[in-house]
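Structure below is upload_21.csv: CSV, C-alpha atoms.
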chain,number,residue,atom,x,y,z
A,2,MET,CA,-5.9,-9.6,25.3
A,3,ASP,CA,-2.3,-8.4,24.9
A,4,PHE,CA,-2.0,-5.3,22.7
A,5,ASP,CA,1.7,-4.8,23.3
A,6,LEU,CA,4.0,-4.9,20.3
A,7,THR,CA,6.6,-7.6,20.0
A,8,GLU,CA,10.3,-6.7,20.1
A,9,GLU,CA,10.5,-6.8,16.3
A,10,GLN,CA,7.4,-4.7,15.8
A,11,SER,CA,8.7,-2.1,18.3
A,12,LEU,CA,11.9,-2.0,16.3
A,13,ILE,CA,10.1,-1.3,13.1
A,14,LYS,CA,8.1,1.4,14.7
A,15,ASP,CA,11.1,3.1,16.3
A,16,GLN,CA,13.2,3.0,13.0
A,17,LEU,CA,10.3,4.4,11.0
A,18,ASP,CA,9.5,7.1,13.5
A,19,ARG,CA,13.2,8.2,13.5
A,20,LEU,CA,13.3,8.3,9.7
A,21,LEU,CA,10.1,10.3,9.4
A,22,LYS,CA,11.0,12.7,12.1
A,23,ASP,CA,14.4,13.5,10.5
A,24,ARG,CA,13.2,13.6,6.9
A,25,TYR,CA,9.5,14.3,6.7
A,26,GLY,CA,8.7,17.6,8.2
A,27,PHE,CA,5.9,19.7,6.7
A,28,GLU,CA,8.3,21.8,4.6
A,29,ASP,CA,10.0,18.6,3.4
A,30,ARG,CA,6.6,17.3,2.4
A,31,LYS,CA,5.9,20.4,0.3
A,32,LYS,CA,9.2,19.9,-1.5
A,33,TYR,CA,8.4,16.2,-2.2
A,34,MET,CA,4.9,17.1,-3.4
A,35,ALA,CA,6.3,19.6,-5.9
A,36,SER,CA,8.7,17.0,-7.5
A,37,ALA,CA,8.0,15.4,-10.8
A,38,GLU,CA,6.7,12.2,-9.2
A,39,GLY,CA,4.7,14.0,-6.5
A,40,TRP,CA,6.6,12.1,-3.8
A,41,SER,CA,10.2,11.3,-2.8
A,42,THR,CA,12.1,8.6,-4.6
A,43,ASP,CA,14.9,8.9,-2.0
A,44,ILE,CA,12.5,8.3,0.9
A,45,TRP,CA,11.0,5.4,-1.1
A,46,SER,CA,14.5,3.9,-1.3
A,47,SER,CA,14.9,4.4,2.4
A,48,TYR,CA,11.7,2.5,3.0
A,49,ALA,CA,13.0,-0.4,0.9
A,50,GLU,CA,16.3,-0.4,2.8
A,51,MET,CA,14.4,-0.6,6.1
A,52,GLY,CA,12.5,-3.6,4.7
A,53,LEU,CA,9.1,-1.9,4.8
A,54,MET,CA,8.2,-3.0,1.3
A,55,ALA,CA,9.0,-6.6,2.2
A,56,LEU,CA,7.0,-6.7,5.4
A,57,PRO,CA,3.8,-8.6,4.4
A,58,PHE,CA,5.5,-11.2,2.1
A,59,ALA,CA,6.8,-14.7,2.8
A,60,GLU,CA,10.5,-15.1,3.1
A,61,GLU,CA,10.8,-17.3,0.0
A,62,HIS,CA,9.6,-14.4,-2.1
A,63,GLY,CA,12.1,-11.9,-0.6
A,64,GLY,CA,9.8,-10.8,2.3
A,65,ILE,CA,10.0,-10.7,6.0
A,66,GLY,CA,6.8,-12.6,6.9
A,67,GLY,CA,4.9,-9.9,8.7
A,68,GLY,CA,1.2,-9.4,8.8
A,69,PRO,CA,-1.6,-6.8,9.3
A,70,VAL,CA,-0.1,-5.6,12.6
A,71,GLU,CA,3.1,-4.6,10.9
A,72,THR,CA,1.1,-2.9,8.2
A,73,MET,CA,-0.9,-1.0,10.9
A,74,ILE,CA,2.4,0.2,12.5
A,75,VAL,CA,3.7,1.5,9.2
A,76,MET,CA,0.4,3.2,8.0
A,77,GLU,CA,-0.1,5.0,11.4
A,78,GLY,CA,3.4,6.4,11.0
A,79,PHE,CA,2.7,7.5,7.5
A,80,GLY,CA,-0.5,9.2,8.7
A,81,ARG,CA,1.3,11.3,11.2
A,82,VAL,CA,3.4,13.0,8.5
A,83,LEU,CA,1.0,12.7,5.6
A,84,ALA,CA,3.4,10.6,3.6
A,85,LEU,CA,3.0,10.8,-0.1
A,86,GLU,CA,4.7,7.7,-1.4
A,87,PRO,CA,2.7,4.9,-3.1
A,88,TYR,CA,2.9,2.4,-0.2
A,89,LEU,CA,-0.8,1.7,0.0
A,90,THR,CA,-1.1,1.1,-3.7
A,91,THR,CA,2.0,-0.9,-4.1
A,92,VAL,CA,2.5,-2.9,-1.0
A,93,VAL,CA,-1.0,-3.2,0.5
A,94,LEU,CA,-3.1,-3.3,-2.7
A,95,GLY,CA,-0.7,-4.6,-5.4
A,96,GLY,CA,1.0,-6.9,-2.9
A,97,GLY,CA,-2.3,-8.0,-1.5
A,98,PHE,CA,-3.5,-9.2,-4.9
A,99,LEU,CA,-0.3,-11.1,-5.4
A,100,ARG,CA,-0.3,-12.7,-1.9
A,101,LEU,CA,-3.9,-13.8,-2.1
A,102,GLY,CA,-4.5,-14.4,-5.8
A,103,ALA,CA,-1.3,-15.2,-7.6
A,104,SER,CA,0.0,-18.7,-8.3
A,105,ASP,CA,3.3,-19.8,-6.8
A,106,GLU,CA,5.0,-19.1,-10.1
A,107,GLN,CA,3.5,-15.6,-10.3
A,108,LYS,CA,4.5,-14.9,-6.8
A,109,ALA,CA,8.1,-15.9,-7.5
A,110,GLU,CA,8.1,-13.7,-10.5
A,111,LEU,CA,6.3,-10.6,-9.3
A,112,ILE,CA,6.6,-10.2,-5.5
A,113,PRO,CA,10.4,-9.7,-5.3
A,114,GLY,CA,10.1,-6.5,-7.4
A,115,ILE,CA,7.7,-5.1,-4.7
A,116,ALA,CA,9.8,-6.3,-1.8
A,117,ASP,CA,13.0,-4.6,-3.0
A,118,GLY,CA,11.2,-1.4,-4.0
A,119,SER,CA,12.0,-1.6,-7.7
A,120,THR,CA,8.4,-2.1,-8.9
A,121,LYS,CA,5.4,0.1,-8.1
A,122,TYR,CA,1.8,-0.9,-8.5
A,123,ALA,CA,-1.5,0.8,-8.8
A,124,PHE,CA,-5.1,-0.6,-8.6
A,125,ALA,CA,-7.3,0.4,-11.6
A,126,GLN,CA,-10.8,-0.3,-10.4
A,127,VAL,CA,-13.0,2.8,-10.2
A,128,GLU,CA,-15.3,3.5,-13.1
A,129,ARG,CA,-17.7,6.3,-13.7
A,130,GLY,CA,-21.1,5.7,-12.2
A,131,ALA,CA,-19.9,2.8,-10.0
A,132,ARG,CA,-20.6,4.7,-6.7
A,133,TYR,CA,-18.3,2.5,-4.6
A,134,ASP,CA,-19.8,-0.8,-6.0
A,135,LEU,CA,-16.8,-3.1,-6.6
A,136,ALA,CA,-19.0,-5.3,-8.9
A,137,HIS,CA,-19.7,-2.3,-11.2
A,138,VAL,CA,-17.1,-3.2,-13.8
A,139,SER,CA,-17.8,-2.5,-17.5
A,140,THR,CA,-14.2,-2.5,-18.7
A,141,ALA,CA,-14.0,-5.6,-20.9
A,142,ALA,CA,-11.4,-8.4,-21.1
A,143,ALA,CA,-11.5,-10.6,-24.2
A,144,ARG,CA,-9.6,-13.8,-25.0
A,145,ASP,CA,-6.7,-13.3,-27.4
A,146,GLY,CA,-5.1,-16.6,-28.1
A,147,SER,CA,-3.7,-17.8,-24.8
A,148,GLY,CA,-3.9,-14.3,-23.2
A,149,TRP,CA,-6.3,-11.5,-22.7
A,150,LYS,CA,-6.8,-8.0,-24.1
A,151,ILE,CA,-8.5,-5.2,-22.1
A,152,SER,CA,-10.6,-2.3,-23.4
A,153,GLY,CA,-12.3,0.4,-21.4
A,154,ALA,CA,-11.6,3.2,-19.0
A,155,LYS,CA,-10.7,3.6,-15.3
A,156,SER,CA,-10.8,6.7,-13.1
A,157,LEU,CA,-9.0,7.9,-10.0
A,158,VAL,CA,-6.3,5.4,-10.2
A,159,LEU,CA,-4.2,6.4,-7.2
A,160,HIS,CA,-0.5,6.8,-8.1
A,161,GLY,CA,-1.4,5.4,-11.6
A,162,ASP,CA,0.8,8.0,-13.3
A,163,SER,CA,4.0,6.6,-11.7
A,164,ALA,CA,3.1,2.9,-11.4
A,165,ASP,CA,5.2,0.3,-13.3
A,166,ARG,CA,2.4,-2.3,-13.2
A,167,LEU,CA,-1.4,-2.1,-12.8
A,168,ILE,CA,-3.8,-4.4,-11.2
A,169,VAL,CA,-6.9,-4.1,-13.4
A,170,THR,CA,-10.4,-5.4,-12.9
A,171,ALA,CA,-12.2,-6.2,-16.2
A,172,ARG,CA,-15.3,-8.1,-17.1
A,173,THR,CA,-15.0,-11.4,-18.9
A,174,ALA,CA,-18.7,-12.1,-18.8
A,175,GLY,CA,-22.1,-10.6,-17.8
A,176,ALA,CA,-23.0,-6.9,-17.3
A,177,ALA,CA,-21.8,-4.2,-14.9
A,178,GLY,CA,-23.0,-5.1,-11.4
A,179,ASP,CA,-23.0,-8.8,-11.9
A,180,GLU,CA,-21.2,-10.7,-9.1
A,181,GLN,CA,-19.7,-13.2,-11.6
A,182,GLY,CA,-17.7,-12.4,-14.6
A,183,VAL,CA,-15.0,-10.1,-13.1
A,184,GLY,CA,-11.3,-10.9,-13.7
A,185,VAL,CA,-8.2,-9.5,-12.1
A,186,PHE,CA,-5.3,-8.8,-14.5
A,187,VAL,CA,-1.8,-7.6,-14.2
A,188,VAL,CA,-0.9,-5.0,-16.9
A,189,ASP,CA,2.4,-3.4,-17.8
A,190,ALA,CA,1.9,0.4,-17.4
A,191,ALA,CA,3.9,0.9,-20.6
A,192,ALA,CA,1.8,-1.5,-22.6
A,193,GLU,CA,0.7,-0.5,-26.1
A,194,GLY,CA,-2.8,0.9,-26.2
A,195,LEU,CA,-2.8,2.2,-22.6
A,196,THR,CA,-3.0,6.0,-22.1
A,197,ARG,CA,-2.9,7.7,-18.7
A,198,ARG,CA,-3.4,11.3,-17.6
A,199,GLY,CA,-1.9,12.1,-14.2
A,200,TYR,CA,-3.1,14.9,-11.9
A,201,PRO,CA,-2.8,15.9,-8.2
A,202,THR,CA,-5.6,15.1,-5.8
A,203,GLN,CA,-7.0,17.4,-3.1
A,204,ASP,CA,-4.9,15.8,-0.4
A,205,GLY,CA,-1.6,16.2,-2.2
A,206,LEU,CA,-1.3,12.7,-3.7
A,207,ARG,CA,-1.4,11.7,-7.3
A,208,ALA,CA,-4.0,9.9,-9.4
A,209,ALA,CA,-4.6,9.2,-13.1
A,210,GLU,CA,-7.4,8.7,-15.6
A,211,MET,CA,-6.7,5.7,-17.8
A,212,SER,CA,-8.0,4.3,-21.1
A,213,PHE,CA,-7.4,0.8,-22.4
A,214,ASP,CA,-7.5,0.1,-26.1
A,215,ASN,CA,-6.9,-3.7,-26.6
A,216,VAL,CA,-4.2,-3.7,-24.0
A,217,ARG,CA,-2.6,-7.0,-23.5
A,218,ALA,CA,-2.6,-8.3,-20.0
A,219,GLU,CA,0.7,-9.8,-18.6
A,220,GLN,CA,-1.0,-12.1,-16.1
A,221,VAL,CA,-4.4,-13.1,-14.9
A,222,LEU,CA,-4.8,-13.7,-11.1
A,223,GLY,CA,-7.0,-16.6,-10.2
A,224,ASP,CA,-10.2,-17.4,-12.0
A,225,PRO,CA,-10.9,-14.8,-14.6
A,226,GLY,CA,-14.6,-15.3,-14.2
A,227,ASP,CA,-14.7,-15.2,-10.4
A,228,GLY,CA,-12.3,-12.5,-9.2
A,229,LEU,CA,-14.6,-10.5,-7.1
A,230,PRO,CA,-14.0,-12.3,-3.8
A,231,LEU,CA,-10.3,-11.6,-4.3
A,232,VAL,CA,-11.0,-7.9,-4.9
A,233,ARG,CA,-13.1,-7.7,-1.8
A,234,ALA,CA,-10.5,-9.4,0.3
A,235,VAL,CA,-7.8,-7.1,-0.8
A,236,VAL,CA,-9.9,-4.0,-0.5
A,237,ASP,CA,-10.8,-5.1,3.1
A,238,GLN,CA,-7.1,-5.2,3.9
A,239,ALA,CA,-6.6,-1.8,2.4
A,240,ILE,CA,-9.5,-0.4,4.5
A,241,ALA,CA,-7.8,-1.8,7.6
A,242,ALA,CA,-4.6,0.0,6.5
A,243,LEU,CA,-6.5,3.2,5.9
A,244,ALA,CA,-8.0,3.0,9.4
A,245,ALA,CA,-4.5,2.8,10.9
A,246,GLU,CA,-3.4,5.8,8.8
A,247,ALA,CA,-6.4,7.7,10.0
A,248,VAL,CA,-5.2,7.1,13.6
A,249,GLY,CA,-1.9,8.7,12.7
A,250,VAL,CA,-3.6,11.7,10.9
A,251,MET,CA,-6.0,12.3,13.8
A,252,SER,CA,-3.3,12.0,16.4
A,253,ALA,CA,-1.0,14.5,14.7
A,254,MET,CA,-4.0,16.9,14.1
A,255,HIS,CA,-4.9,16.7,17.8
A,256,ALA,CA,-1.3,17.4,18.9
A,257,LEU,CA,-1.1,20.4,16.6
A,258,THR,CA,-4.3,21.8,17.9
A,259,VAL,CA,-3.4,21.4,21.6
A,260,ASP,CA,-0.1,23.1,21.0
A,261,TYR,CA,-1.8,25.9,19.2
A,262,LEU,CA,-4.3,26.4,22.2
A,263,LYS,CA,-1.3,26.7,24.5
A,264,VAL,CA,0.4,29.5,22.5
A,265,ARG,CA,-2.5,31.5,20.9
A,266,LYS,CA,-3.6,34.3,23.3
A,267,GLN,CA,-6.8,36.1,23.5
A,268,PHE,CA,-7.6,38.7,26.2
A,269,GLY,CA,-4.1,38.3,27.5
A,270,VAL,CA,-4.3,34.5,28.2
A,271,PRO,CA,-3.8,31.3,26.1
A,272,ILE,CA,-7.1,30.3,24.5
A,273,GLY,CA,-6.5,26.9,25.9
A,274,LYS,CA,-7.6,28.3,29.3
A,275,PHE,CA,-11.2,28.6,28.0
A,276,GLN,CA,-13.2,25.6,29.1
A,277,VAL,CA,-15.4,25.4,26.0
A,278,LEU,CA,-12.2,25.1,23.8
A,279,GLN,CA,-10.9,22.4,26.2
A,280,HIS,CA,-14.1,20.4,25.7
A,281,LYS,CA,-13.6,20.5,21.9
A,282,ALA,CA,-10.0,19.3,22.2
A,283,VAL,CA,-11.2,16.5,24.5
A,284,ASP,CA,-13.8,15.6,21.8
A,285,MET,CA,-11.0,15.3,19.3
A,286,PHE,CA,-9.0,13.1,21.7
A,287,ILE,CA,-12.0,10.8,22.2
A,288,ALA,CA,-12.6,10.5,18.5
A,289,THR,CA,-8.9,9.6,17.9
A,290,GLU,CA,-9.0,6.9,20.6
A,291,GLN,CA,-12.2,5.5,19.2
A,292,MET,CA,-10.6,5.4,15.8
A,293,ARG,CA,-7.6,3.6,17.3
A,294,SER,CA,-9.8,1.0,18.8
A,295,ILE,CA,-11.7,0.2,15.6
A,296,ALA,CA,-8.5,0.3,13.6
A,297,MET,CA,-7.1,-2.4,15.9
A,298,PHE,CA,-10.2,-4.5,15.5
A,299,ALA,CA,-10.1,-4.1,11.7
A,300,THR,CA,-6.4,-5.1,11.8
A,301,MET,CA,-7.2,-8.3,13.7
A,302,MET,CA,-10.0,-9.1,11.2
A,303,ALA,CA,-8.0,-8.2,8.0
A,304,ASP,CA,-6.8,-11.8,7.4
A,305,SER,CA,-10.1,-13.5,8.4
A,306,ASP,CA,-11.4,-16.2,6.1
A,307,ASP,CA,-14.9,-15.3,7.1
A,308,ALA,CA,-15.8,-12.8,4.4
A,309,THR,CA,-19.0,-11.6,6.2
A,310,GLU,CA,-17.4,-11.0,9.6
A,311,ARG,CA,-14.4,-9.4,7.9
A,312,ALA,CA,-16.8,-7.1,6.0
A,313,ARG,CA,-18.6,-6.1,9.3
A,314,ALA,CA,-15.3,-4.9,10.7
A,315,MET,CA,-14.3,-2.9,7.7
A,316,HIS,CA,-17.7,-1.3,7.3
A,317,ALA,CA,-17.5,-0.3,11.0
A,318,ALA,CA,-13.9,1.1,10.5
A,319,LYS,CA,-15.0,3.2,7.6
A,320,VAL,CA,-18.1,4.5,9.5
A,321,GLU,CA,-15.8,5.6,12.3
A,322,LEU,CA,-13.3,7.1,9.9
A,323,GLY,CA,-16.1,9.2,8.4
A,324,ARG,CA,-17.8,10.2,11.6
A,325,GLY,CA,-14.7,10.7,13.9
A,326,GLY,CA,-12.5,12.0,11.2
A,327,ARG,CA,-15.0,14.8,10.3
A,328,LEU,CA,-15.5,15.7,14.0
A,329,ALA,CA,-11.8,15.9,14.7
A,330,GLY,CA,-11.1,17.8,11.5
A,331,GLU,CA,-13.9,20.3,11.9
A,332,ASN,CA,-12.8,21.0,15.6
A,333,ALA,CA,-9.2,21.4,14.6
A,334,ILE,CA,-10.1,23.9,11.9
A,335,GLN,CA,-12.4,25.8,14.2
A,336,LEU,CA,-10.0,25.9,17.1
A,337,HIS,CA,-7.2,27.3,14.9
A,338,GLY,CA,-9.5,30.0,13.4
A,339,GLY,CA,-8.4,31.6,10.1
A,340,VAL,CA,-4.9,30.1,10.0
A,341,GLY,CA,-6.4,26.6,10.0
A,342,MET,CA,-7.8,27.4,6.5
A,343,THR,CA,-4.5,28.3,4.9
A,344,ALA,CA,-2.4,26.1,2.7
A,345,GLU,CA,0.7,27.3,4.5
A,346,TYR,CA,-0.4,25.6,7.7
A,347,ALA,CA,-0.4,21.8,8.2
A,348,VAL,CA,-3.7,21.3,9.9
A,349,THR,CA,-5.7,22.0,6.7
A,350,HIS,CA,-3.7,19.3,4.9
A,351,TYR,CA,-4.5,16.8,7.6
A,352,PHE,CA,-8.2,17.6,7.3
A,353,LYS,CA,-8.0,17.2,3.5
A,354,ARG,CA,-6.4,13.8,3.8
A,355,LEU,CA,-9.1,12.6,6.2
A,356,ALA,CA,-11.8,13.8,3.8
A,357,MET,CA,-10.2,12.0,0.9
A,358,MET,CA,-9.7,8.8,3.0
A,359,ASN,CA,-13.4,8.9,3.9
A,360,THR,CA,-14.4,8.6,0.2
A,361,LEU,CA,-11.8,5.9,-0.7
A,362,PHE,CA,-13.5,2.5,-1.1
A,363,GLY,CA,-16.8,4.0,0.1
A,364,ASP,CA,-17.7,6.9,2.4
A,365,GLY,CA,-19.0,6.5,6.0
A,366,ASP,CA,-22.6,6.8,5.0
A,367,TRP,CA,-22.3,4.1,2.3
A,368,HIS,CA,-20.6,1.7,4.8
A,369,LEU,CA,-23.2,2.5,7.5
A,370,ARG,CA,-25.9,1.3,5.2
A,371,LYS,CA,-23.9,-1.8,4.4
A,372,LEU,CA,-23.3,-2.5,8.1
A,373,ALA,CA,-27.0,-2.0,8.9
A,374,ALA,CA,-27.9,-4.5,6.2
A,375,LEU,CA,-25.7,-7.1,7.9
A,376,GLY,CA,-27.4,-6.5,11.2
A,377,GLY,CA,-24.6,-4.5,12.9
A,378,LEU,CA,-21.1,-5.1,13.9
A,379,PHE,CA,-21.7,-8.4,15.6
A,380,ASP,CA,-23.8,-11.3,14.6
A,381,LYS,CA,-26.6,-11.3,17.2
A,382,ALA,CA,-27.6,-14.9,16.2
A,383,ALA,CA,-24.1,-16.1,17.0

Show me the file's structure as structure tokens.
Amino acid sequence: MDFDLTEEQSLIKDQLDRLLKDRYGFEDRKKYMASAEGWSTDIWSSYAEMGLMALPFAEEHGGIGGGPVETMIVMEGFGRVLALEPYLTTVVLGGGFLRLGASDEQKAELIPGIADGSTKYAFAQVERGARYDLAHVSTAAARDGSGWKISGAKSLVLHGDSADRLIVTARTAGAAGDEQGVGVFVVDAAAEGLTRRGYPTQDGLRAAEMSFDNVRAEQVLGDPGDGLPLVRAVVDQAIAALAAEAVGVMSAMHALTVDYLKVRKQFGVPIGKFQVLQHKAVDMFIATEQMRSIAMFATMMADSDDATERARAMHAAKVELGRGGRLAGENAIQLHGGVGMTAEYAVTHYFKRLAMMNTLFGDGDWHLRKLAALGGLFDKAA
């Protein structure tokens, strides 16, 4: 199997790497994090000029016609610098719902705003007590003439405080936990009856708590009574993107650690001379390469129409993210010693990001149980 990038994919990677190297150092990131939005609007505009926002969309909607591999390239680059911008929520999640669930008319209306960088999206899904269950939706959607009105509350809406539009899951029938009766709605973030409280997360990103009081939905995507398959398909694509980001995070963390072992001296010699520390650095490298392998597999499966086989791949990717990410992070902190625990040094921020990525859409333990219930990564009967 050929894992080499095409000429176009290599060009995307090279251009993004140059931009991030020039404008996304650790001190730059701290400045962006302290801004009102919590990320850089100038960098966001640069992403749009490079065509990163248009990557996964069809050309007739202002896109470039890319796929999961292009998303993998971008997300790995973002992971290396701990990028703060709402690319995952806008392009991967918001764009994913529109690509997979919108009608042709809805795509023509909504996708160009993502592709040119003018419209930001957030995914309002999580509810208290859901414990990673995508079917645990109690926020209600009720018919109002030809439209829908939504009432309820959502938690931990990533980049929800700066989003222009929201993708909201709401129940049109049944009770929380039922597979049927979940609809997917597009809501204007400035709609009457919607309140949101933004706050920083542990990894430096932004999130919001939201309440909906008879908020009118702009659009409904697909069947309002059977939206859960769409939600699962988009979340699976987001997990593949997170796996690629984890590769970037772990690669950067390993490089930082190896450099530190070369310059930090103890007993008159660099601590990298000590074999036991070399072993720990090698363990980090192995964990990173294992993460890279499963991220590639998840990327190849991200567009699969076989929901079960796609789910196996995403469960496995999250299991490896939780296991390998923790191993790499703990070793990085230990090998750095006290400085690794300080907010002034980059490695602790990489570890925090990995920890938060582990919990997003289900932690490693939760996905391990799901994978076991499916009989493992591969269908033995097949």

Separation of CA of Met292 (chain A) from CA of His255 (chain A), in Å and rounded to one decimal: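 If I compute the distance from CA of Met292 (chain A) to CA of His255 (chain A), I get 12.8 Å.
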
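Applying the 8 Å criterion to (-12.6, 1.2, -1.6) in file coordinates and using only C-alpha atoms, one obtains the residues A:Tyr133, A:Leu135, A:Val236, A:Ala239, A:Ile240, A:Thr360, A:Leu361, A:Phe362, A:Gly363.
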
Within 10 Å of (4.3, 3.0, -19.7) (coordinates as in the file), grab all the protein and nucleic acid residues, counting all atoms listed in the file, and write them out as a ChimeraX atom specification. /A:162-166,188-197

Please write the residues from the selection above to a file, keeping C-alpha atoms, as a compact mmCIF listing (two decimals), in the coordinates of the input.
# COMPACT_ATOMS: atom_id res chain seq x y z
CA ASP A 162 0.80 8.00 -13.30
CA SER A 163 4.00 6.60 -11.70
CA ALA A 164 3.10 2.90 -11.40
CA ASP A 165 5.20 0.30 -13.30
CA ARG A 166 2.40 -2.30 -13.20
CA VAL A 188 -0.90 -5.00 -16.90
CA ASP A 189 2.40 -3.40 -17.80
CA ALA A 190 1.90 0.40 -17.40
CA ALA A 191 3.90 0.90 -20.60
CA ALA A 192 1.80 -1.50 -22.60
CA GLU A 193 0.70 -0.50 -26.10
CA GLY A 194 -2.80 0.90 -26.20
CA LEU A 195 -2.80 2.20 -22.60
CA THR A 196 -3.00 6.00 -22.10
CA ARG A 197 -2.90 7.70 -18.70

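Our summary of the geometry notes that CA of Thr7 (chain A) is positioned 16.9 Å from CA of Gly52 (chain A).
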
Among the residues A:Leu89, A:Lys32, A:Ala256, A:Lys266, the one that comes closest to Val348 (chain A) [using only C-alpha atoms]: A:Ala256

Can you tell me which residues surround Val248 (chain A) at a distance of at most 8 Å, considering all atoms listed in the file, apart from same-chain residues fewer than 5 positions away, and format the answer as a short mmCIF file (atom, residue, chain, number, x, y, z; two decimals) with C-alpha atoms, in the coordinates of the input?
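Output file part.cif is given in full below:
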data_model
loop_
_atom_site.label_atom_id
_atom_site.label_comp_id
_atom_site.auth_asym_id
_atom_site.auth_seq_id
_atom_site.Cartn_x
_atom_site.Cartn_y
_atom_site.Cartn_z
CA GLU A 77 -0.10 5.00 11.40
CA GLY A 80 -0.50 9.20 8.70
CA THR A 289 -8.90 9.60 17.90
CA GLU A 290 -9.00 6.90 20.60
CA MET A 292 -10.60 5.40 15.80
CA ARG A 293 -7.60 3.60 17.30
CA ALA A 296 -8.50 0.30 13.60
#

Using the incomplete input, complete region 105-116 of chain A to the level of N, CA, C and O atoms; output as an mmCIF file, in the coordinates of the input.
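So rebuild.cif came out as:
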data_model
loop_
_atom_site.group_PDB
_atom_site.id
_atom_site.type_symbol
_atom_site.label_atom_id
_atom_site.label_comp_id
_atom_site.auth_asym_id
_atom_site.auth_seq_id
_atom_site.Cartn_x
_atom_site.Cartn_y
_atom_site.Cartn_z
ATOM 1 N N ASP A 105 1.969 -19.819 -7.363
ATOM 2 C CA ASP A 105 3.300 -19.800 -6.800
ATOM 3 C C ASP A 105 4.324 -19.288 -7.843
ATOM 4 O O ASP A 105 5.264 -18.562 -7.476
ATOM 5 N N GLU A 106 4.124 -19.621 -9.105
ATOM 6 C CA GLU A 106 5.000 -19.100 -10.100
ATOM 7 C C GLU A 106 4.901 -17.601 -10.283
ATOM 8 O O GLU A 106 5.907 -16.890 -10.443
ATOM 9 N N GLN A 107 3.686 -17.085 -10.243
ATOM 10 C CA GLN A 107 3.500 -15.600 -10.300
ATOM 11 C C GLN A 107 4.083 -14.917 -9.136
ATOM 12 O O GLN A 107 4.680 -13.851 -9.276
ATOM 13 N N LYS A 108 3.899 -15.489 -7.956
ATOM 14 C CA LYS A 108 4.500 -14.900 -6.800
ATOM 15 C C LYS A 108 6.008 -14.803 -6.889
ATOM 16 O O LYS A 108 6.623 -13.764 -6.583
ATOM 17 N N ALA A 109 6.613 -15.891 -7.328
ATOM 18 C CA ALA A 109 8.100 -15.900 -7.500
ATOM 19 C C ALA A 109 8.555 -14.883 -8.484
ATOM 20 O O ALA A 109 9.635 -14.310 -8.338
ATOM 21 N N GLU A 110 7.745 -14.630 -9.493
ATOM 22 C CA GLU A 110 8.100 -13.700 -10.500
ATOM 23 C C GLU A 110 7.893 -12.227 -10.139
ATOM 24 O O GLU A 110 8.735 -11.352 -10.407
ATOM 25 N N LEU A 111 6.761 -11.950 -9.477
ATOM 26 C CA LEU A 111 6.300 -10.600 -9.300
ATOM 27 C C LEU A 111 6.590 -9.975 -7.925
ATOM 28 O O LEU A 111 6.856 -8.769 -7.811
ATOM 29 N N ILE A 112 6.520 -10.767 -6.869
ATOM 30 C CA ILE A 112 6.600 -10.200 -5.500
ATOM 31 C C ILE A 112 8.023 -9.621 -5.228
ATOM 32 O O ILE A 112 8.118 -8.558 -4.598
ATOM 33 N N PRO A 113 9.128 -10.255 -5.652
ATOM 34 C CA PRO A 113 10.400 -9.700 -5.300
ATOM 35 C C PRO A 113 10.606 -8.228 -5.791
ATOM 36 O O PRO A 113 11.300 -7.440 -5.132
ATOM 37 N N GLY A 114 9.968 -7.855 -6.878
ATOM 38 C CA GLY A 114 10.100 -6.500 -7.400
ATOM 39 C C GLY A 114 9.419 -5.484 -6.406
ATOM 40 O O GLY A 114 9.878 -4.343 -6.276
ATOM 41 N N ILE A 115 8.337 -5.904 -5.730
ATOM 42 C CA ILE A 115 7.700 -5.100 -4.700
ATOM 43 C C ILE A 115 8.611 -5.037 -3.463
ATOM 44 O O ILE A 115 8.886 -3.987 -2.879
ATOM 45 N N ALA A 116 9.079 -6.206 -3.052
ATOM 46 C CA ALA A 116 9.800 -6.300 -1.800
ATOM 47 C C ALA A 116 11.119 -5.517 -1.827
ATOM 48 O O ALA A 116 11.536 -4.998 -0.774
#
